[in-house]
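**Student:** Could you have a look at this structure, given as structure tokens, before my questions?
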Amino acid sequence: MITLESVTFRYGTGTPIFDHFSWTAARGEVWAVLGPSGCGKSTLLHLLAGLLQPTGGRVIIDGQPLTRPRPYTGLIIQDYGLLPWATVRENAALGLRIRNFYGPDGTHAPRDYRPTLEVTPWLERLGLLEVADHFPGQISGGQRQRTAIARTLALHPDVLLMDEPFSSLDAPTRESLQGLVLDLWREQALTLVMVTHAIEEAAFVGQKILLLGQPPNREAVVLDNPGAGSPSYRESEPYQGMCRELRARLGGR
Amino acid sequence: MKRRDLFLATATLLVLWQIFAWIVRLPILPAPLVVAKTLVVELVKGDLWRHFLASLWRVVASTALSIGLAAPAGLALGQSRKLSKVFLPVIYILYPIPKVVFVPVLLLFFGIGDLSKILVIFLVLFFQILVLVRDQAAALRPELILSVRSLGAGRRALFRFVYLPASLPAILTALRQSIGTAVAVLYVVEFFATNLGLGYYIAFQGSTLLNYPAMYAGIVMMSLLGLSLYFLVDRLEKTLCRWQGQ
């Protein structure tokens with residue numbers, strides 16, 4: 001589904017963040033990308049979203065080399081992703097409004113797209129109906145992030161990219177949203193890539209974990225974490241073991 | 001602002017005015033009631049309303065012109081680093097120059113009609129609105145732009161769904177601040193080469209005819225002009241920027 005082919009990326013003339021870096025994620029997998037700040041996690045996500053172009057090599061998603069944001073890829077960022085002047089409902093419908101604005105032209109919206117502004121089922125699914133007419137400034141951080149999820153899922157993506165989506169939330173909200181995202185991943189058959197700096201989050205969500213270190217990143221360090229994703233995994237021994245291993249690897253760098 | 005508070009404020013000002021009039025006891029400060037009588041007479045029998053309409057037209061036309069040109073220019077500058085780099089220094093040099101000093105120049109080039117007067121007010125307002133809108137557009141968080149781009153938005157959609165709504169509050173703030181300035185500049189430009197407009201009316205009644213009650217009637221009309229525009233902007237802000245007050 002996602003392939004990085006010998007990707008090199010640097011900002012300006014600095015040290016490359018990625019240097020001939022290759023990595024593959026299969027359809028339907030759920031990945032956590034973990035690493036210290038400055039390791040290039042967000043850069044990786046922006047490359048996958050088509051918001052940045054690699055200096056060298058290719059990013060291929062669903063068989064197509066990526067040159068611009070792809071209509072079937074959703075991106076959710078930590079904060080500030082919502083329009084402060086639009087209500088929850090309007091925010092959730094923003095992606096659809098943008099598609100309606102361009103029409104089904106194949107670049108901004110899929111060719112088979114049929115104009116709609118229907119987001120009520122998504123608001124209902126994400127428990128946002130009662131705050132649908134509120135502005136982002138009037139709702140909680142968890143509700144804001146659920147609005148961002150509704151906005152993205154309303155576009156029926158097959159790839160969902162999340163950039164530290166829950167790091168500004170309190171622990172109970174964070175855990176319930178992690179569960180929600182995993183449910184949605186199963187329901188919607190998504191390929192999910194979640195960037196995080198939290199070891200526990202990576203170990204709980206990521207069935208596969210990509211570890212990044214201080215740039216330049218040359219080799220993809222991948223850990224398998226097959227038990228991840230089930231609600232009870234957090235209490236299990238393999239989860240604890242994975243946390244210990246991730247901690248050791250991050251600390252050892 | 002509540003209607004009741006507004007009424008109370010007006011009443012207080014009128015009472016103060018009356019007290020001062022009693023203390024001063026000079027023709028240059030007539031009592032409010034005298035002015036009110038003159039105002040009605042001037043409106044009904046005289047041509048004060050024609051002066052009012054002339055002034056209203058000048059303020060509204062110049063304000064519309066300023067917004068129409070400054071808002072898109074500010075948005076463009078706020079969006080593009082390149083454009084900002086080229087034009088911003090020029091704007092910052094021109095911004096603090098008091099534009100009123102160009103009245104004679106504009107009169108020379110654009111004649112003594114409405115156009116030169118509208119252009120002076122336009123010059124003053126243009127820079128105020130431009131700078132505010134630019135700052136607002138430039139202050140948009142890059143994360144917000146990125147996340148909207150990831151929804152498929154290109155330049156046109158970003159403009160329509162992000163930059164334009166984001167700069168509305170700045171445009172309205174700029175407008176609100178500009179109205180006072182616009183009315184002040186109006187008075188100055190109507191001093192020159194015209195016999196129509198509240199500025200002319202006030203100056204003519206006050207210093208030529210020494211008809212002080214009529215002069216105050218003109219001042220009242222000018223205040224009403226500013227006040228009604230101010231309330232109009234206030235109303236617009238409440239409707240268009242509902243999200244800000246909450």
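Residue names in the structure tokens use chain letters A, B, ... in the order shown, residue numbers from 1 in each chain, and ligand numbers from 1 in the order shown.
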Pull out every residue of chain A sitting within 9 Å of chain B, counting only C-alpha atoms, and send them as a PyMOL selection string.

**Tutor:** chain A and resi 46+49-51+68-71+73-87+94-99+101-102+107-109+134-138+151-152+155

**Student:** What does the file look like for those residues with N, CA and C atoms, as a compact mmCIF listing (two decimals), in the first residue's frame?

**Tutor:**
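Final output, result.txt:
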# COMPACT_ATOMS: atom_id res chain seq x y z
N HIS A 46 4.44 13.88 6.52
CA HIS A 46 4.17 14.88 5.49
C HIS A 46 4.58 14.38 4.11
N ALA A 49 1.83 12.14 3.13
CA ALA A 49 0.60 12.88 2.81
C ALA A 49 0.74 13.63 1.49
N GLY A 50 1.95 13.69 0.96
CA GLY A 50 2.15 14.44 -0.29
C GLY A 50 2.28 15.93 -0.05
N LEU A 51 2.48 16.33 1.21
CA LEU A 51 2.64 17.76 1.51
C LEU A 51 4.10 18.18 1.35
N ARG A 68 1.40 14.99 -5.01
CA ARG A 68 0.58 15.99 -4.33
C ARG A 68 -0.37 15.24 -3.40
N PRO A 69 -1.06 15.95 -2.46
CA PRO A 69 -1.96 15.22 -1.57
C PRO A 69 -2.97 14.38 -2.36
N ARG A 70 -3.20 13.19 -1.86
CA ARG A 70 -3.99 12.22 -2.59
C ARG A 70 -5.38 12.19 -1.96
N PRO A 71 -6.44 12.19 -2.77
CA PRO A 71 -7.79 12.30 -2.20
C PRO A 71 -8.16 11.15 -1.26
N THR A 73 -6.12 9.76 0.96
CA THR A 73 -5.30 9.73 2.17
C THR A 73 -5.81 10.78 3.14
N GLY A 74 -6.05 10.38 4.38
CA GLY A 74 -6.49 11.32 5.40
C GLY A 74 -5.34 11.64 6.34
N LEU A 75 -5.29 12.88 6.80
CA LEU A 75 -4.24 13.29 7.74
C LEU A 75 -4.86 13.95 8.96
N ILE A 76 -4.44 13.51 10.13
CA ILE A 76 -4.94 14.11 11.37
C ILE A 76 -3.74 14.57 12.18
N ILE A 77 -3.74 15.84 12.56
CA ILE A 77 -2.59 16.38 13.28
C ILE A 77 -2.96 16.66 14.72
N GLN A 78 -1.94 17.02 15.51
CA GLN A 78 -2.13 17.11 16.95
C GLN A 78 -3.17 18.16 17.35
N ASP A 79 -3.08 19.34 16.74
CA ASP A 79 -3.96 20.41 17.19
C ASP A 79 -4.08 21.42 16.06
N TYR A 80 -4.91 22.38 16.23
CA TYR A 80 -5.02 23.50 15.29
C TYR A 80 -5.48 23.06 13.90
N GLY A 81 -5.95 21.87 13.77
CA GLY A 81 -6.35 21.43 12.44
C GLY A 81 -7.76 21.89 12.08
N LEU A 82 -8.51 22.37 13.08
CA LEU A 82 -9.90 22.76 12.80
C LEU A 82 -10.00 24.25 12.54
N LEU A 83 -10.98 24.65 11.74
CA LEU A 83 -11.22 26.06 11.50
C LEU A 83 -11.93 26.64 12.72
N PRO A 84 -11.34 27.61 13.39
CA PRO A 84 -11.95 28.12 14.62
C PRO A 84 -13.28 28.84 14.38
N TRP A 85 -13.51 29.30 13.14
CA TRP A 85 -14.73 30.07 12.88
C TRP A 85 -15.86 29.19 12.37
N ALA A 86 -15.64 27.89 12.28
CA ALA A 86 -16.68 27.01 11.77
C ALA A 86 -17.13 26.08 12.89
N THR A 87 -18.43 25.72 12.87
CA THR A 87 -18.95 24.82 13.89
C THR A 87 -18.41 23.41 13.67
N LEU A 94 -15.90 20.02 6.04
CA LEU A 94 -14.96 20.86 5.27
C LEU A 94 -14.36 20.11 4.08
N GLY A 95 -13.93 18.87 4.33
CA GLY A 95 -13.34 18.09 3.23
C GLY A 95 -14.32 17.91 2.09
N LEU A 96 -15.58 17.67 2.44
CA LEU A 96 -16.61 17.49 1.42
C LEU A 96 -16.86 18.80 0.67
N ARG A 97 -16.86 19.91 1.43
CA ARG A 97 -17.07 21.21 0.77
C ARG A 97 -15.95 21.49 -0.21
N ILE A 98 -14.72 21.14 0.17
CA ILE A 98 -13.59 21.36 -0.73
C ILE A 98 -13.76 20.50 -1.99
N ARG A 99 -14.21 19.27 -1.79
CA ARG A 99 -14.44 18.40 -2.95
C ARG A 99 -15.55 18.95 -3.83
N PHE A 101 -16.34 21.96 -4.14
CA PHE A 101 -15.80 23.18 -4.74
C PHE A 101 -15.07 22.87 -6.04
N TYR A 102 -14.28 21.79 -6.04
CA TYR A 102 -13.53 21.45 -7.24
C TYR A 102 -14.31 20.53 -8.19
N THR A 107 -7.95 14.99 -9.17
CA THR A 107 -6.77 15.40 -8.41
C THR A 107 -7.17 15.87 -7.01
N HIS A 108 -8.18 16.73 -6.91
CA HIS A 108 -8.63 17.20 -5.61
C HIS A 108 -9.67 16.27 -5.01
N ALA A 109 -10.39 15.58 -5.86
CA ALA A 109 -11.43 14.66 -5.41
C ALA A 109 -11.43 13.47 -6.37
N HIS A 134 -21.56 23.72 18.06
CA HIS A 134 -20.58 24.46 18.84
C HIS A 134 -19.37 24.79 17.98
N PHE A 135 -18.60 25.77 18.43
CA PHE A 135 -17.34 26.09 17.76
C PHE A 135 -16.20 25.34 18.46
N PRO A 136 -15.10 25.11 17.74
CA PRO A 136 -13.99 24.35 18.34
C PRO A 136 -13.54 24.91 19.70
N GLY A 137 -13.62 26.23 19.85
CA GLY A 137 -13.20 26.84 21.11
C GLY A 137 -14.10 26.49 22.28
N GLN A 138 -15.27 25.92 21.99
CA GLN A 138 -16.23 25.65 23.06
C GLN A 138 -16.27 24.19 23.48
N ARG A 151 -14.08 14.55 10.12
CA ARG A 151 -13.82 15.30 8.90
C ARG A 151 -13.03 14.45 7.90
N THR A 152 -12.05 13.71 8.45
CA THR A 152 -11.21 12.90 7.57
C THR A 152 -11.96 11.68 7.06
N LEU A 155 -14.45 11.55 4.13
CA LEU A 155 -13.92 11.47 2.76
C LEU A 155 -13.62 10.03 2.35

**Student:** Could you pull the residues within 12 Å of Gln145 of chain A, counting only C-alpha atoms, minus those fewer than 2 positions along the same chain, as a PyMOL selection string?

**Tutor:** chain A and resi 75-82+88+91-92+126-128+136+139-143+147-152+162-169+173-174+176-178+180-181

**Student:** May I have the residues within 9 Å of Ala217 of chain B as a PyMOL selection string, using only C-alpha atoms and disregarding those fewer than 4 positions away in the same chain?

**Tutor:** chain B and resi 35-40+42+48+202+212-213+221-222

**Student:** How would you write, as an MDAnalysis selection string, the set of residues in segment 92-133 of chain B that DSSP gives as helix (DSSP H, G or I)?

**Tutor:** chainID B and resid 92:94 99:110 114:133

**Student:** Using only C-alpha atoms, determine which residues lie at most 12 Å from Ile60 of chain A, disregarding the query and same-chain residues fewer than 2 positions distant; provide the list as a list in words.

**Tutor:**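 In the requested format, the answer is Met1, Ile2, Thr3, Leu4, Glu5, Ser6, Val7, Ser22, Trp23, Thr24, Ala25, Ala26, Leu47, Leu48, Ala49, Gly50, Gln53, Pro54, Gly57, Arg58, Asp62, Gly63, Gln64, Pro65, Leu66, Thr67, Arg68 and Arg70 of chain A.
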
**Student:** Report as a list in words all protein, DNA and RNA residues lying within 12 Å of segment 82-88 of chain B, evaluated on only C-alpha atoms, omitting residues in the same chain fewer than 6 positions from it.

**Tutor:**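 Residues near the query, excluding close chain neighbours: Ala73, Gly74, Leu75, Ala76, Leu94, Tyr95, Phe127, Leu130, Val131, Arg134, Asp135, Ala137 and Ala138 of chain B.
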
**Student:** Could you write out the selected residues, including C-alpha atoms, as a PDB file, in the first residue's frame?

**Tutor:**
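Writing done, so here's part.pdb:
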ATOM      1  CA  ALA B  73      -3.943  42.815  -1.398  1.00  0.00           C
ATOM      2  CA  GLY B  74      -3.497  42.050   2.304  1.00  0.00           C
ATOM      3  CA  LEU B  75      -4.587  38.447   1.772  1.00  0.00           C
ATOM      4  CA  ALA B  76      -2.143  38.029  -1.090  1.00  0.00           C
ATOM      5  CA  LEU B  94       4.326  54.652   3.326  1.00  0.00           C
ATOM      6  CA  TYR B  95       2.106  53.604   6.229  1.00  0.00           C
ATOM      7  CA  PHE B 127      -2.988  51.186   4.470  1.00  0.00           C
ATOM      8  CA  LEU B 130      -3.973  46.338   4.302  1.00  0.00           C
ATOM      9  CA  VAL B 131      -1.624  46.013   7.265  1.00  0.00           C
ATOM     10  CA  ARG B 134      -1.926  41.006   6.034  1.00  0.00           C
ATOM     11  CA  ASP B 135      -0.928  40.396   9.643  1.00  0.00           C
ATOM     12  CA  ALA B 137      -3.464  36.168   7.115  1.00  0.00           C
ATOM     13  CA  ALA B 138       0.232  35.745   7.926  1.00  0.00           C
TER      14      ALA B 138
END

**Student:** Quick one: distance from atom CA of Val59 of chain B to atom CA of Val185 of chain B in Å, one decimal?

**Tutor:**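 It comes out at 9.4 Å.
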
**Student:** Near Tyr239 of chain A, within 8 Å and counting only C-alpha atoms, which residues show up once chain neighbours fewer than 2 positions away are dropped, as a list of chain:residue names?

**Tutor:** A:Ala203, A:Phe204, A:Gly227, A:Ala228, A:Tyr233, A:Arg234, A:Glu235, A:Ser236, A:Glu237, A:Gly241, A:Met242, A:Cys243

**Student:** Figure out the distance between atom CA of Pro110 of chain A and atom CA of Leu190 of chain A, please, to one decimal in Å.

**Tutor:**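 Atom-to-atom, atom CA of Leu190 of chain A to atom CA of Pro110 of chain A, that is 17.1 Å.
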
**Student:** In Å, how far is it from atom CA of Ala32 of chain A to atom CA of Met194 of chain A?

**Tutor:** 4.8 Å

**Student:** Pick out the residues sitting within 12 Å of Tyr230 of chain B, and hand them over as a PDB file with N, CA and C atoms, in the first residue's frame; count only C-alpha atoms, and ignore anything fewer than 3 positions along from it in its own chain.

**Tutor:**
ATOM      1  N   VAL B  60     -18.801  56.285   2.458  1.00  0.00           N
ATOM      2  CA  VAL B  60     -19.132  54.917   2.059  1.00  0.00           C
ATOM      3  C   VAL B  60     -18.342  54.506   0.816  1.00  0.00           C
ATOM      4  N   LEU B 172     -13.066  43.649   9.588  1.00  0.00           N
ATOM      5  CA  LEU B 172     -14.066  44.379  10.368  1.00  0.00           C
ATOM      6  C   LEU B 172     -13.417  45.232  11.456  1.00  0.00           C
ATOM      7  N   THR B 173     -12.363  44.699  12.081  1.00  0.00           N
ATOM      8  CA  THR B 173     -11.641  45.500  13.074  1.00  0.00           C
ATOM      9  C   THR B 173     -11.053  46.741  12.409  1.00  0.00           C
ATOM     10  N   ALA B 174     -10.444  46.517  11.243  1.00  0.00           N
ATOM     11  CA  ALA B 174      -9.851  47.635  10.512  1.00  0.00           C
ATOM     12  C   ALA B 174     -10.929  48.664  10.179  1.00  0.00           C
ATOM     13  N   LEU B 175     -12.096  48.173   9.767  1.00  0.00           N
ATOM     14  CA  LEU B 175     -13.204  49.061   9.427  1.00  0.00           C
ATOM     15  C   LEU B 175     -13.622  49.898  10.621  1.00  0.00           C
ATOM     16  N   ARG B 176     -13.776  49.216  11.739  1.00  0.00           N
ATOM     17  CA  ARG B 176     -14.233  49.878  12.946  1.00  0.00           C
ATOM     18  C   ARG B 176     -13.256  50.986  13.335  1.00  0.00           C
ATOM     19  N   GLN B 177     -11.963  50.653  13.260  1.00  0.00           N
ATOM     20  CA  GLN B 177     -10.954  51.650  13.596  1.00  0.00           C
ATOM     21  C   GLN B 177     -10.930  52.769  12.563  1.00  0.00           C
ATOM     22  N   SER B 178     -11.260  52.399  11.321  1.00  0.00           N
ATOM     23  CA  SER B 178     -11.132  53.377  10.241  1.00  0.00           C
ATOM     24  C   SER B 178     -12.250  54.404  10.238  1.00  0.00           C
ATOM     25  N   ILE B 179     -13.406  54.027  10.777  1.00  0.00           N
ATOM     26  CA  ILE B 179     -14.555  54.918  10.639  1.00  0.00           C
ATOM     27  C   ILE B 179     -14.294  56.262  11.291  1.00  0.00           C
ATOM     28  N   GLY B 180     -13.720  56.227  12.511  1.00  0.00           N
ATOM     29  CA  GLY B 180     -13.379  57.468  13.190  1.00  0.00           C
ATOM     30  C   GLY B 180     -12.437  58.299  12.336  1.00  0.00           C
ATOM     31  N   THR B 181     -11.399  57.636  11.835  1.00  0.00           N
ATOM     32  CA  THR B 181     -10.422  58.323  10.994  1.00  0.00           C
ATOM     33  C   THR B 181     -11.087  58.872   9.741  1.00  0.00           C
ATOM     34  N   ALA B 182     -11.926  58.041   9.131  1.00  0.00           N
ATOM     35  CA  ALA B 182     -12.561  58.445   7.880  1.00  0.00           C
ATOM     36  C   ALA B 182     -13.385  59.707   8.080  1.00  0.00           C
ATOM     37  N   VAL B 183     -14.149  59.763   9.170  1.00  0.00           N
ATOM     38  CA  VAL B 183     -14.998  60.926   9.411  1.00  0.00           C
ATOM     39  C   VAL B 183     -14.134  62.158   9.691  1.00  0.00           C
ATOM     40  N   SER B 223     -21.647  63.296  13.864  1.00  0.00           N
ATOM     41  CA  SER B 223     -21.518  62.235  14.873  1.00  0.00           C
ATOM     42  C   SER B 223     -22.454  61.082  14.538  1.00  0.00           C
ATOM     43  N   LEU B 224     -23.684  61.449  14.130  1.00  0.00           N
ATOM     44  CA  LEU B 224     -24.646  60.401  13.777  1.00  0.00           C
ATOM     45  C   LEU B 224     -24.131  59.584  12.602  1.00  0.00           C
ATOM     46  N   LEU B 225     -23.493  60.251  11.659  1.00  0.00           N
ATOM     47  CA  LEU B 225     -22.913  59.553  10.507  1.00  0.00           C
ATOM     48  C   LEU B 225     -21.901  58.506  10.970  1.00  0.00           C
ATOM     49  N   GLY B 226     -20.960  58.965  11.806  1.00  0.00           N
ATOM     50  CA  GLY B 226     -19.946  58.034  12.307  1.00  0.00           C
ATOM     51  C   GLY B 226     -20.560  56.921  13.124  1.00  0.00           C
ATOM     52  N   LEU B 227     -21.497  57.327  14.004  1.00  0.00           N
ATOM     53  CA  LEU B 227     -22.110  56.370  14.923  1.00  0.00           C
ATOM     54  C   LEU B 227     -22.878  55.284  14.176  1.00  0.00           C
ATOM     55  N   VAL B 233     -21.036  48.225  11.408  1.00  0.00           N
ATOM     56  CA  VAL B 233     -19.893  47.309  11.470  1.00  0.00           C
ATOM     57  C   VAL B 233     -20.047  46.354  12.648  1.00  0.00           C
ATOM     58  N   ASP B 234     -20.506  46.927  13.770  1.00  0.00           N
ATOM     59  CA  ASP B 234     -20.722  46.117  14.966  1.00  0.00           C
ATOM     60  C   ASP B 234     -21.686  44.975  14.680  1.00  0.00           C
ATOM     61  N   ARG B 235     -22.765  45.308  13.976  1.00  0.00           N
ATOM     62  CA  ARG B 235     -23.772  44.313  13.644  1.00  0.00           C
ATOM     63  C   ARG B 235     -23.177  43.242  12.726  1.00  0.00           C
ATOM     64  N   LEU B 236     -22.430  43.707  11.720  1.00  0.00           N
ATOM     65  CA  LEU B 236     -21.771  42.777  10.794  1.00  0.00           C
ATOM     66  C   LEU B 236     -20.857  41.825  11.556  1.00  0.00           C
ATOM     67  N   GLU B 237     -20.105  42.378  12.483  1.00  0.00           N
ATOM     68  CA  GLU B 237     -19.159  41.578  13.241  1.00  0.00           C
ATOM     69  C   GLU B 237     -19.899  40.499  14.032  1.00  0.00           C
TER      70      GLU B 237
END

**Student:** Please return, as a PyMOL selection string, all residues of segment 158-190 of chain A that DSSP assigns to strand (DSSP E or B) on the basis of the backbone.

**Tutor:** chain A and resi 159-163
